[in-house]
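Structure record follows, encoded as structure tokens.
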Amino acid sequence: MKVSLNWLKDYINLDDVSVEKITDKLTIAGLEVDDVVDGSKIYENFVIGYVKEKDKHPNADKLSLCLVTDGTDDYKVVCGAPNVEAGQKVVFAKVGAVIPKGEFKITKAKIRGEESVGMICAEDELGLSDDHSGIMVLDDSYNVGDNFADAMKLNDVIIDVDLTPNRADAMSHIGVARDLAAIMNKQFKYPEIKPDEAETTSAQLASVEIENSVNCPRYVGKVVTGITVKESPEWLKNKLIAIGLRPINNVVDVTNFVMHEIGQPLHAFDLDKLADKKIIVKDAGSDTKFVTLDSKERTLNPADLMICDGKKQVAIAGVMGGENSEVTNDSKNILIESAYFNPSAVRKTAKLLGLSTDASYRFERGVDYNKTKWAAKRAAQLIAELAEGTAAKGEIDAYPAPIENNKVMLRFPRVDKILGYKIEKALMLDILKRLEFEIVNETESDLELLVPSTRPDVLREVDVIEEIARIHGYDNIPVVEKITVSLDEKIDQSKFTNDVRELLISLGFNEIITNSLLNTETAQKFSNPIKVLNPSSVEMAFTRPSLLPGMLNTISKNIKVKETDLQLFEIGHVFSKNSESEIKSFDDFSETEHLLIAITGNAEDKQWYRDNRKSDIYDLEGFANSIFKKLFSNNVVVKSVKQNNDPIFEYSLVKKVKKSIVASGGKIKSDFLNGFEIKQDVFIFDFNLSLMNEYISGRNKFTELLKYPKVIRDFAFVLDKNIEVDSVEKSIVKGSSKLLKNIKLFDIFEGESLGEGKKSLAFQLEYFDYTRTLKEEEVDKDFWSAIETVKKTFNAQLRG
């Protein structure tokens, strides 16, 4: 944003402050200065000249030979402009001047055999406009020999400030002046408004109705009658030209001036072109074609906010006015619009239309809703003065639900803790008052503050602390002479996942990264998905409750391009509700980090010495066991438990550490895969890394080799076919002592010899003690106790 130093001086006294100090203070305070352009240096060696004589060039039909004086010396100048005449006051570039357009330096030269010392300039060559029809001719009020920049008030310093999106308050000269006044502790003043209004009120001449108060919380209208649209005075044109704007006429120029002065975009409607003299703020609806001021037809979205009169649309709210209500040279009565529009609504409309304007740039970031009436008054006063009109009494202020300023509690000890150094309480209070914060309540330890409406970005205590530090000056942070460095062992938070990643890559897996947001259809296949409050599209309406959808989408895309043999993994966060109730705090949902591995297609390709082999559940469990072996110490026991009746898996198993399920996986049902257009078997294992991390004890510990012999016993039972292996294993453990260390299922048999609905399960039991050799009698006792427990529990028969 371009800021004029001369313009800033209308609100703050900067006569005793250098340009370098101003730019340094602004940059340190967060308003970074990108560039500084000094107009007096741009127009160095440019003066007001006088054409004493004009003769025809002896060697060229379209050139003239002029004698130009700067009040002291006379110069011969060859000029090609068709409008040059003797007796004119002109802009004369002397030898050494650099022409702004093209940036070429003036030197003595011979043009068609005649010496030329200098140049008579046109407006476009001076960078003042695009006009190159002839030289710039000045009126008699200018003094010959005066410096051009001084005479035309172009001796200004233009500061180009790079604003961050949150600093909407600084998108105006008053906003920058307010910050400078606070930084330098100088007096700051708003322009004085002296209304000279008619007896007739604005409400008698026009009306305003808001149908969509969500996207237009406030709309102020003010009427000015009996105006004469004409060229703006020099002071107004110079201010606009200085910041890169093109003057148009006195009405439009005033609206642009006030916007850059206070930051409030304005629009002037020709009141006589408004049907029923009425403004209605509503959505576009079915009327989706509209011609804007640039004579282009725009296609609107039905939800776009529009400014309408009694019969038609007249402007796109917050973006651009319409051609059908613009102010022309014939306009006599105008309605000034000064409104506050919802930033997100303006942003959506501008983005959809591909139309960014000075107004939309400000509305998108949030203007001051308490300055809408002030801006309307300011514009009405200036238009009445410059266009010889009369401002109607009062304003039409449609404000159905007044917006309350944000309140923030500030704790003094918290300021010291966040900043790391102490700022005196009196100084803090002074800084806040300079920034227009209002103190609602003050105690010994804290303040209750009313945040000014200029600062929509100040929402929390830490934001206020940042403002205090910014104005106090980051260069005032005390130097720390001694820093204490802890030599404690540092904890690498990413080591755990990096170890997992390296292991899987070494096992031949490829890592994928998928979107953490899902569409409604996919999310609802899982329990308790969390809906995004303001999704950017329907495809990203829910946070993912599982990594599975992203994995299956990736597998499906690979299969479609004939990549059918896959080993993939993803590490990411998943989100789930803790209950069915509405989310009101962070306690109502959980976020955990998971690892998902997937295998599909061939585990082994066909070779001359073997056939190809498909991936199966045993490959999957092997990979899972490798992960647990790598991550857990030898002292952590990981149990595998078979699972049934799962909505996603045809068959599956879970891994437990102590009593917690830390991982689960299996073969995905074909019906579930059909939803992702997958026609081959897929096996997946899902690890809860957040939970697993809690059981990791750190370094692996050495486990001494067993010094005493193991005793192995086998038995087989005939029992009902529907009895699960896991249930039998639990029964064996229940009927045994601590001498039993391991149970292994080594055979399953089903046949007619066993009887209908029967099966045989054969187990190997491993007994030992770390401190002694076991006796045969105690092992037998334990062994038969386990047998009796299984027989009683399942009505099982011991096979011979």
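Ligands are numbered from 1 in the order shown, residues from 1 within each chain, and chains are lettered A, B, ... in the order they appear in the structure tokens.
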Which neighbours of Arg460 (chain A) fall inside 12 Å, counting only C-alpha atoms, when residues of the same chain fewer than 4 positions from it are skipped, and could you give them as a ChimeraX atom specification?
-> /A:406-411,448-451,455-456,464-467
How would you write, as a ChimeraX atom specification, the set of residues in region 490-712 of chain A that DSSP gives as strand (DSSP E)? /A:510-511,517-518,530-531,542-543,566-577,589-600,602-604,613-614,638-643,649-657,660-668,682-688,711-712
Exercise. Just the helix (DSSP H, G or I) stuff from region 154-332 of chain A, please, per backbone DSSP, written as an MDAnalysis selection string.
Key: chainID A and resid 168:170 173:184 202:205 234:242 250:262 271:273 275:277 323:325
Take the selection from the previous step and output its residues with N, CA and C atoms, as a compact mmCIF listing (two decimals), in the first residue's frame.
# COMPACT_ATOMS: atom_id res chain seq x y z
N ALA A 168 -5.76 -4.91 8.95
CA ALA A 168 -6.74 -4.13 8.20
C ALA A 168 -6.79 -2.69 8.69
N ASP A 169 -6.44 -2.47 9.96
CA ASP A 169 -6.49 -1.12 10.53
C ASP A 169 -5.47 -0.18 9.90
N ALA A 170 -4.44 -0.73 9.28
CA ALA A 170 -3.38 0.09 8.71
C ALA A 170 -3.53 0.30 7.21
N HIS A 173 -4.32 6.07 5.47
CA HIS A 173 -3.37 7.04 6.00
C HIS A 173 -3.60 7.30 7.48
N ILE A 174 -4.86 7.36 7.89
CA ILE A 174 -5.15 7.55 9.31
C ILE A 174 -4.67 6.34 10.12
N GLY A 175 -4.82 5.15 9.58
CA GLY A 175 -4.35 3.96 10.28
C GLY A 175 -2.85 3.96 10.49
N VAL A 176 -2.09 4.33 9.46
CA VAL A 176 -0.63 4.40 9.58
C VAL A 176 -0.25 5.54 10.53
N ALA A 177 -0.94 6.68 10.42
CA ALA A 177 -0.67 7.82 11.30
C ALA A 177 -0.94 7.45 12.76
N ARG A 178 -2.01 6.67 13.01
CA ARG A 178 -2.33 6.25 14.37
C ARG A 178 -1.19 5.41 14.95
N ASP A 179 -0.64 4.49 14.13
CA ASP A 179 0.47 3.67 14.60
C ASP A 179 1.71 4.52 14.86
N LEU A 180 2.01 5.44 13.94
CA LEU A 180 3.18 6.32 14.14
C LEU A 180 3.03 7.16 15.40
N ALA A 181 1.83 7.68 15.63
CA ALA A 181 1.59 8.49 16.83
C ALA A 181 1.81 7.66 18.09
N ALA A 182 1.36 6.40 18.07
CA ALA A 182 1.55 5.53 19.23
C ALA A 182 3.02 5.18 19.43
N ILE A 183 3.73 4.91 18.33
CA ILE A 183 5.15 4.54 18.41
C ILE A 183 5.99 5.71 18.90
N MET A 184 5.73 6.91 18.36
CA MET A 184 6.56 8.08 18.67
C MET A 184 5.99 8.92 19.81
N SER A 202 -31.83 12.82 4.94
CA SER A 202 -31.50 11.75 3.99
C SER A 202 -32.64 10.72 3.93
N ALA A 203 -33.25 10.44 5.09
CA ALA A 203 -34.32 9.45 5.15
C ALA A 203 -35.57 9.90 4.39
N GLN A 204 -35.73 11.21 4.19
CA GLN A 204 -36.87 11.71 3.41
C GLN A 204 -36.62 11.58 1.91
N LEU A 205 -35.36 11.51 1.54
CA LEU A 205 -35.01 11.48 0.11
C LEU A 205 -34.72 10.05 -0.39
N GLU A 234 -6.82 20.96 -7.60
CA GLU A 234 -5.45 20.46 -7.69
C GLU A 234 -5.03 19.70 -6.43
N TRP A 235 -5.41 20.20 -5.23
CA TRP A 235 -4.96 19.54 -4.00
C TRP A 235 -5.45 18.09 -3.93
N LEU A 236 -6.69 17.86 -4.38
CA LEU A 236 -7.25 16.52 -4.34
C LEU A 236 -6.61 15.63 -5.40
N LYS A 237 -6.45 16.17 -6.61
CA LYS A 237 -5.82 15.39 -7.68
C LYS A 237 -4.39 15.02 -7.30
N ASN A 238 -3.67 15.96 -6.70
CA ASN A 238 -2.27 15.70 -6.34
C ASN A 238 -2.16 14.58 -5.30
N LYS A 239 -3.08 14.57 -4.35
CA LYS A 239 -3.04 13.52 -3.32
C LYS A 239 -3.27 12.14 -3.95
N LEU A 240 -4.23 12.06 -4.86
CA LEU A 240 -4.52 10.78 -5.50
C LEU A 240 -3.40 10.35 -6.43
N ILE A 241 -2.89 11.30 -7.21
CA ILE A 241 -1.80 10.98 -8.14
C ILE A 241 -0.57 10.49 -7.38
N ALA A 242 -0.32 11.09 -6.22
CA ALA A 242 0.86 10.73 -5.42
C ALA A 242 0.86 9.27 -5.04
N ASN A 250 -14.87 15.07 -9.39
CA ASN A 250 -14.86 15.46 -7.98
C ASN A 250 -15.61 14.48 -7.07
N VAL A 251 -16.68 13.84 -7.55
CA VAL A 251 -17.44 12.91 -6.71
C VAL A 251 -16.67 11.61 -6.51
N VAL A 252 -16.22 11.00 -7.59
CA VAL A 252 -15.48 9.74 -7.49
C VAL A 252 -14.17 9.94 -6.75
N ASP A 253 -13.51 11.07 -7.02
CA ASP A 253 -12.23 11.35 -6.36
C ASP A 253 -12.40 11.47 -4.85
N VAL A 254 -13.50 12.06 -4.39
CA VAL A 254 -13.73 12.18 -2.95
C VAL A 254 -13.93 10.80 -2.32
N THR A 255 -14.69 9.93 -2.98
CA THR A 255 -14.90 8.59 -2.41
C THR A 255 -13.57 7.83 -2.33
N ASN A 256 -12.71 7.99 -3.34
CA ASN A 256 -11.39 7.34 -3.29
C ASN A 256 -10.52 7.97 -2.21
N PHE A 257 -10.60 9.29 -2.08
CA PHE A 257 -9.81 10.00 -1.07
C PHE A 257 -10.18 9.52 0.33
N VAL A 258 -11.48 9.46 0.62
CA VAL A 258 -11.92 9.05 1.96
C VAL A 258 -11.54 7.59 2.23
N MET A 259 -11.63 6.73 1.22
CA MET A 259 -11.24 5.33 1.40
C MET A 259 -9.77 5.24 1.80
N HIS A 260 -8.90 5.99 1.13
CA HIS A 260 -7.48 5.93 1.46
C HIS A 260 -7.15 6.75 2.69
N GLU A 261 -8.06 7.61 3.11
CA GLU A 261 -7.85 8.38 4.32
C GLU A 261 -8.18 7.55 5.56
N ILE A 262 -9.38 6.95 5.60
CA ILE A 262 -9.85 6.27 6.81
C ILE A 262 -9.91 4.75 6.64
N LEU A 271 -28.66 9.14 -7.49
CA LEU A 271 -29.93 8.92 -6.80
C LEU A 271 -31.11 8.89 -7.77
N ASP A 272 -31.03 9.68 -8.82
CA ASP A 272 -32.14 9.75 -9.77
C ASP A 272 -32.25 8.49 -10.63
N LYS A 273 -31.22 7.66 -10.63
CA LYS A 273 -31.25 6.40 -11.37
C LYS A 273 -31.70 5.22 -10.51
N ALA A 275 -34.43 3.23 -8.75
CA ALA A 275 -35.90 3.07 -8.78
C ALA A 275 -36.46 3.18 -7.36
N ASP A 276 -37.49 3.98 -7.20
CA ASP A 276 -38.16 4.21 -5.92
C ASP A 276 -37.25 4.88 -4.89
N LYS A 277 -36.09 5.39 -5.36
CA LYS A 277 -35.14 6.04 -4.44
C LYS A 277 -34.83 5.12 -3.25
N GLU A 323 -22.97 -0.29 -13.90
CA GLU A 323 -22.99 0.73 -14.95
C GLU A 323 -24.32 1.48 -14.97
N ASN A 324 -25.38 0.81 -14.49
CA ASN A 324 -26.72 1.39 -14.59
C ASN A 324 -27.03 2.45 -13.54
N SER A 325 -26.09 2.68 -12.59
CA SER A 325 -26.35 3.70 -11.56
C SER A 325 -25.13 4.57 -11.29
Fill in: Contacts of Asn342 (chain A) at 9 Å (only C-alpha atoms; same-chain gap of 4+ positions) as an MDAnalysis selection string
chainID A and resid 214:217 346:347 363:364 366
Just-selected residues, all heavy atoms written as a compact mmCIF listing (two decimals), in the first residue's frame:
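Result written to result_9.txt:
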# COMPACT_ATOMS: atom_id res chain seq x y z
N VAL A 214 -26.77 -10.96 7.84
CA VAL A 214 -25.57 -11.73 8.19
C VAL A 214 -24.39 -11.23 7.37
O VAL A 214 -23.30 -11.01 7.90
CB VAL A 214 -25.80 -13.23 7.94
CG1 VAL A 214 -24.51 -14.02 8.15
CG2 VAL A 214 -26.88 -13.75 8.88
N ASN A 215 -24.60 -11.06 6.08
CA ASN A 215 -23.51 -10.61 5.20
C ASN A 215 -23.44 -9.09 5.09
O ASN A 215 -22.47 -8.56 4.54
CB ASN A 215 -23.66 -11.22 3.81
CG ASN A 215 -23.36 -12.71 3.82
OD1 ASN A 215 -22.63 -13.19 4.68
ND2 ASN A 215 -23.91 -13.44 2.88
N CYS A 216 -24.47 -8.39 5.58
CA CYS A 216 -24.42 -6.92 5.63
C CYS A 216 -24.98 -6.47 6.98
O CYS A 216 -26.15 -6.10 7.09
CB CYS A 216 -25.22 -6.31 4.48
SG CYS A 216 -25.21 -4.48 4.52
N PRO A 217 -24.15 -6.48 8.02
CA PRO A 217 -24.64 -6.08 9.34
C PRO A 217 -24.99 -4.60 9.43
O PRO A 217 -25.86 -4.22 10.23
CB PRO A 217 -23.45 -6.41 10.26
CG PRO A 217 -22.66 -7.43 9.52
CD PRO A 217 -22.79 -7.05 8.07
N VAL A 346 -17.61 -11.21 0.98
CA VAL A 346 -16.95 -10.41 -0.07
C VAL A 346 -15.82 -11.21 -0.70
O VAL A 346 -15.63 -11.21 -1.93
CB VAL A 346 -16.42 -9.08 0.50
CG1 VAL A 346 -15.66 -8.30 -0.57
CG2 VAL A 346 -17.57 -8.23 1.04
N ARG A 347 -15.07 -11.93 0.13
CA ARG A 347 -13.95 -12.72 -0.38
C ARG A 347 -14.42 -13.79 -1.36
O ARG A 347 -13.84 -13.99 -2.42
CB ARG A 347 -13.21 -13.37 0.79
CG ARG A 347 -11.91 -14.05 0.39
CD ARG A 347 -11.22 -14.71 1.59
NE ARG A 347 -10.98 -13.75 2.64
CZ ARG A 347 -11.55 -13.79 3.83
NH1 ARG A 347 -12.42 -14.76 4.11
NH2 ARG A 347 -11.28 -12.90 4.74
N PHE A 363 -12.59 -4.75 2.33
CA PHE A 363 -13.72 -5.46 2.94
C PHE A 363 -13.34 -6.90 3.31
O PHE A 363 -13.80 -7.42 4.31
CB PHE A 363 -14.92 -5.47 1.99
CG PHE A 363 -15.72 -4.19 2.02
CD1 PHE A 363 -15.96 -3.49 0.85
CD2 PHE A 363 -16.24 -3.71 3.20
CE1 PHE A 363 -16.71 -2.32 0.85
CE2 PHE A 363 -17.00 -2.54 3.23
CZ PHE A 363 -17.23 -1.85 2.05
N GLU A 364 -12.52 -7.55 2.49
CA GLU A 364 -12.12 -8.93 2.75
C GLU A 364 -11.36 -9.06 4.06
O GLU A 364 -11.41 -10.10 4.73
CB GLU A 364 -11.24 -9.46 1.62
CG GLU A 364 -11.98 -9.77 0.33
CD GLU A 364 -11.02 -10.13 -0.79
OE1 GLU A 364 -9.89 -10.54 -0.48
OE2 GLU A 364 -11.40 -10.03 -1.96
N GLY A 366 -11.65 -6.83 6.62
CA GLY A 366 -12.44 -6.33 7.74
C GLY A 366 -12.23 -4.86 7.99
O GLY A 366 -11.17 -4.45 8.46
Worksheet entry | Separation of CA of Ala350 (chain A) from CA of Thr299 (chain A), in Å and rounded to one decimal |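 Pair CA of Ala350 (chain A) / CA of Thr299 (chain A) returns 11.7 Å.
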May I have the residues within 12 Å of Ala391 (chain A) as a PyMOL selection string, using only C-alpha atoms and disregarding those fewer than 4 positions away in the same chain? chain A and resi 194-202+205+221-227+333-336+376-387+395
Best match for closeness to Gly508 (chain A) among A:Asp565, A:Glu461, A:Glu776, A:Asp475, counting only C-alpha atoms
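Looking only at the distances to Gly508 (chain A), the closest residue turns out to be A:Asp565.
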Students should find that CA of Asp283 (chain A) and CA of Lys531 (chain A) are spaced 26.5 Å
With distances taken over only C-alpha atoms, the candidate from A:Gly71, A:Glu192, A:Val500, A:Ala786 nearest Lys629 (chain A) is A:Val500
